Structures are given as structure tokens and as C-alpha cells.
Amino acid sequence: MISTMFRKSRLEKAGAVFLALAIWQIGALLLDRSIILVTPVAVAQRLFTLLPESDFTHAIAFSFFRIVGGYFLALLVGSVLAVGAGHYHGLEMILWPYIHAIKSVPVASFIILCLIWLSSDSLSVFIAFLMVLPIVYTNMLQGIKSTDEKLLEMAEVFRMSRLRKLKYIHLPHLKPYLLSACSVSIGLSWKAGIAAEVIGIPDGSIGEKLYEAKVYLSSADLFAWTAVIVLISVVFEKLFLRGLKMFFDRLERS
């Protein structure tokens, strides 16, 4: 029953994607101005011509490791700060203006400011880190604060070790908050990281390729590299969330 529903859901999503591509193709043909809107067929053709180029994989690797590095750094720092703020109200108050400032200030403002302090090569790392940090921190802090006090009191009565409390109380309770934070923030890290590259234009990055596509008015390149970004972001999100769920499932079974 579950497998049938899952298969039906996948077919529905595939149908929706096919419909979107068909509307895009028809719209581009009716407009008949490739400089404004290129057809998905032309984008696919351009993508296949980019694949064998030597700097294609280099650009992907350059952006991937920096953006993902910034993401994991934010995941680590955000979790540590949330644990500290959940146990010490004073730390939460100290962090409050910084977290809200990061959430409120536009990404473009941070990028321009950070260009003064950082090199363009490391800009995407810091911007991805900065955009993900408040999401992880806020979700984790909310999860820590909503932990059942009665369970914690029971753990104290039975003198459970900190490791056992972490394994059987804290981590299972934090699971939905962490999964939600990761699901929301992965896409945002890629959006912010690529935006930083487009403005900073580091050599050999995906952002540089997008900037060049704009300069030379190459809509096919622009859409092709955008498709690459979406594909990498989606694949990374699926793999990472699956790995995270497997970790929690093993934890629950042990």
C-alpha cells in the first residue's frame, strides 16, 4: 500500500515537471526571442555541450565545496549555540540581536559588506554560513526549550548518564526540528552562496559562469547553469536528509 502511494506520488511529480516543461517550451516558441526566453530543448542541448568542457567540473567543485562547507559550519555552530542558549538564558539574550540582525539584513548587503573584509574566493563560504546559522539556531533552540521537563526529571530520578539522556531524550525530541531546519536551509545556502559568487565573481566558480552568461546575453548558458545549481542542490538535500534520517533510525533501534 505504502509503496503504491509512493510510486503514485513520484508519477504525479514527474507529470507536473513534464507539464511545466511543456508550458515553458510553448511559451518560448510563442515569444520567439531566445535572448529573453530560451526553450528547454535548447537548454538541454547547451548543457550537454558544457559537460565535456574542462572547466565545467572545476566550477561545480569550486562552488560545491565552499557552499557545503559553509552549510556544515553553520550546522555545527548553530547547534552548539542553541545548546548553550537553551541552558543559559543570558547567552540567549546576548545572541538575540545578532540572530535577528542576520535574519533581517538583505543578503546583498551582507555580500557587499563581506567583500570589504574577505576575498572573493571565501565569500560564498561565509555567506552560506551566515544565512543558514539563524535557521539552525532558532529551530534547535525551540526544540531544546520544548523538551518534556517530566522526562528530564525522571532521568534525574533514575540517575541516567548525560550520554543516555542525549541518546534517549534529547536527540529523538530534536529530530523533527533538525530535519526541518536542514530541509529549509540547504536550498537557501545555495541561493545565497551563488548570489555571493555572482557579485564577487571568484575565478572558476558557477557564479562567474552566470555572470559571463549575463554579460554575453547567453540565455542558454544562464538556464543551463541554473539547472545545474538546482540539480546539485536537490541531490545534496535528498542525500543529506536521507543520511540524517538513517542516523536517527539507527539511534532509535539501538
# chains A, B, ... in the order shown; residues from 1 in each chain; ligands from 1
>>> closest_atom_pairs(of="region 122-143 of chain A", to="region 184-204 of chain A", cutoff="6 Å", atoms="only C-alpha atoms", output="Markdown table")
| residue | atom | partner | partner_atom | distance |
| --- | --- | --- | --- | --- |
| A:Ser124 | CA | A:Gly193 | CA | 4.5 |
| A:Ile127 | CA | A:Gly193 | CA | 5.9 |
| A:Ala128 | CA | A:Ser189 | CA | 4.6 |
| A:Val132 | CA | A:Ser185 | CA | 5.5 |
>>> residues_around(residues="Arg33 (chain A)", least_positions_apart="4", cutoff="12 Å", atoms="only C-alpha atoms", output="ChimeraX atom specification")
/A:27-29,37-39,217-220
>>> select_by_dssp(residues="region 38-215 of chain A", states="alpha helix (DSSP H)", output="number ranges by chain")
A: 40-50, 54-87, 89-104, 107-117, 120-145, 149-157, 162-165, 171-200, 206-215
>>> decode(residues="region 97-222 of chain A", atoms="C-alpha atoms", output="compact mmCIF listing (two decimals), in the first residue's frame")
# COMPACT_ATOMS: atom_id res chain seq x y z
CA PRO A 97 20.24 40.97 18.47
CA TYR A 98 22.84 39.23 16.28
CA ILE A 99 20.49 36.45 15.18
CA HIS A 100 17.68 38.88 14.39
CA ALA A 101 20.05 41.21 12.54
CA ILE A 102 21.26 38.32 10.35
CA LYS A 103 17.65 37.31 9.66
CA SER A 104 16.60 40.86 8.75
CA VAL A 105 19.52 42.28 6.75
CA PRO A 106 19.27 41.57 2.96
CA VAL A 107 21.72 39.03 1.55
CA ALA A 108 23.06 41.59 -0.96
CA SER A 109 24.02 43.94 1.88
CA PHE A 110 25.99 41.20 3.63
CA ILE A 111 27.72 40.25 0.38
CA ILE A 112 28.83 43.82 -0.33
CA LEU A 113 29.99 44.30 3.27
CA CYS A 114 31.86 41.00 3.31
CA LEU A 115 33.66 41.86 0.07
CA ILE A 116 35.45 44.55 2.09
CA TRP A 117 36.64 42.02 4.67
CA LEU A 118 37.07 38.77 2.72
CA SER A 119 38.50 37.61 -0.58
CA SER A 120 36.02 36.68 -3.30
CA ASP A 121 37.16 33.02 -3.09
CA SER A 122 35.97 32.61 0.51
CA LEU A 123 32.92 34.86 0.21
CA SER A 124 30.44 32.08 -0.63
CA VAL A 125 31.58 30.07 2.41
CA PHE A 126 30.83 32.91 4.81
CA ILE A 127 27.55 33.96 3.16
CA ALA A 128 26.22 30.37 3.14
CA PHE A 129 27.25 30.07 6.79
CA LEU A 130 25.59 33.37 7.68
CA MET A 131 22.25 32.58 6.01
CA VAL A 132 21.94 29.09 7.48
CA LEU A 133 23.07 29.94 11.03
CA PRO A 134 19.85 31.64 12.29
CA ILE A 135 17.63 28.90 10.84
CA VAL A 136 19.56 26.12 12.57
CA TYR A 137 19.93 28.09 15.79
CA THR A 138 16.23 29.08 16.00
CA ASN A 139 14.89 25.58 15.24
CA MET A 140 17.30 23.82 17.58
CA LEU A 141 16.66 26.30 20.38
CA GLN A 142 12.92 25.83 20.02
CA GLY A 143 13.37 22.06 20.18
CA ILE A 144 15.55 22.26 23.27
CA LYS A 145 13.10 24.57 25.05
CA SER A 146 10.13 22.31 24.29
CA THR A 147 11.76 19.17 25.73
CA ASP A 148 9.41 17.46 28.19
CA GLU A 149 10.51 18.50 31.68
CA LYS A 150 8.90 15.41 33.22
CA LEU A 151 11.14 13.17 31.13
CA LEU A 152 14.18 15.10 32.30
CA GLU A 153 13.03 14.84 35.93
CA MET A 154 12.52 11.10 35.51
CA ALA A 155 16.03 10.80 34.06
CA GLU A 156 17.40 12.60 37.10
CA VAL A 157 15.47 10.29 39.45
CA PHE A 158 16.89 7.19 37.75
CA ARG A 159 20.33 8.84 37.56
CA MET A 160 20.70 8.46 33.83
CA SER A 161 24.07 9.49 32.45
CA ARG A 162 24.33 12.53 30.19
CA LEU A 163 25.07 10.29 27.23
CA ARG A 164 21.94 8.21 27.78
CA LYS A 165 19.81 11.35 28.23
CA LEU A 166 21.22 12.70 24.99
CA LYS A 167 20.52 9.43 23.18
CA TYR A 168 17.07 8.61 24.52
CA ILE A 169 15.55 12.02 25.32
CA HIS A 170 17.24 14.96 23.62
CA LEU A 171 18.14 13.63 20.17
CA PRO A 172 14.77 11.90 19.46
CA HIS A 173 12.98 15.08 20.54
CA LEU A 174 15.22 17.29 18.39
CA LYS A 175 14.83 15.09 15.30
CA PRO A 176 11.86 16.93 13.67
CA TYR A 177 13.35 20.35 14.46
CA LEU A 178 16.73 19.43 12.99
CA LEU A 179 15.20 17.83 9.88
CA SER A 180 13.01 20.89 9.35
CA ALA A 181 15.96 23.26 9.74
CA CYS A 182 18.10 21.26 7.31
CA SER A 183 15.33 20.94 4.75
CA VAL A 184 14.71 24.70 4.70
CA SER A 185 18.32 25.85 4.92
CA ILE A 186 20.01 23.69 2.26
CA GLY A 187 18.27 25.45 -0.63
CA LEU A 188 18.86 28.83 0.99
CA SER A 189 22.59 28.13 1.36
CA TRP A 190 22.86 27.51 -2.38
CA LYS A 191 20.84 30.61 -3.27
CA ALA A 192 22.92 32.83 -1.01
CA GLY A 193 26.24 31.20 -1.93
CA ILE A 194 25.68 31.53 -5.67
CA ALA A 195 24.46 35.12 -5.24
CA ALA A 196 27.72 35.86 -3.42
CA GLU A 197 29.69 34.37 -6.30
CA VAL A 198 27.77 36.36 -8.91
CA ILE A 199 28.63 39.59 -7.09
CA GLY A 200 32.16 38.65 -6.01
CA ILE A 201 32.95 36.80 -9.30
CA PRO A 202 35.67 34.43 -7.98
CA ASP A 203 37.62 32.74 -10.78
CA GLY A 204 36.40 29.26 -11.70
CA SER A 205 33.06 29.39 -9.87
CA ILE A 206 29.49 28.78 -11.01
CA GLY A 207 28.76 32.41 -10.12
CA GLU A 208 31.39 33.53 -12.63
CA LYS A 209 29.70 31.40 -15.32
CA LEU A 210 26.35 33.04 -14.57
CA TYR A 211 27.93 36.50 -14.70
CA GLU A 212 29.54 35.71 -18.06
CA ALA A 213 26.18 34.48 -19.37
CA LYS A 214 24.65 37.83 -18.42
CA VAL A 215 27.48 39.84 -19.99
CA TYR A 216 27.28 37.93 -23.28
CA LEU A 217 23.45 37.77 -23.20
CA SER A 218 23.56 33.97 -23.42
CA SER A 219 20.19 32.81 -22.11
CA ALA A 220 21.03 29.17 -22.89
CA ASP A 221 24.11 29.31 -20.65
CA LEU A 222 22.18 31.10 -17.93
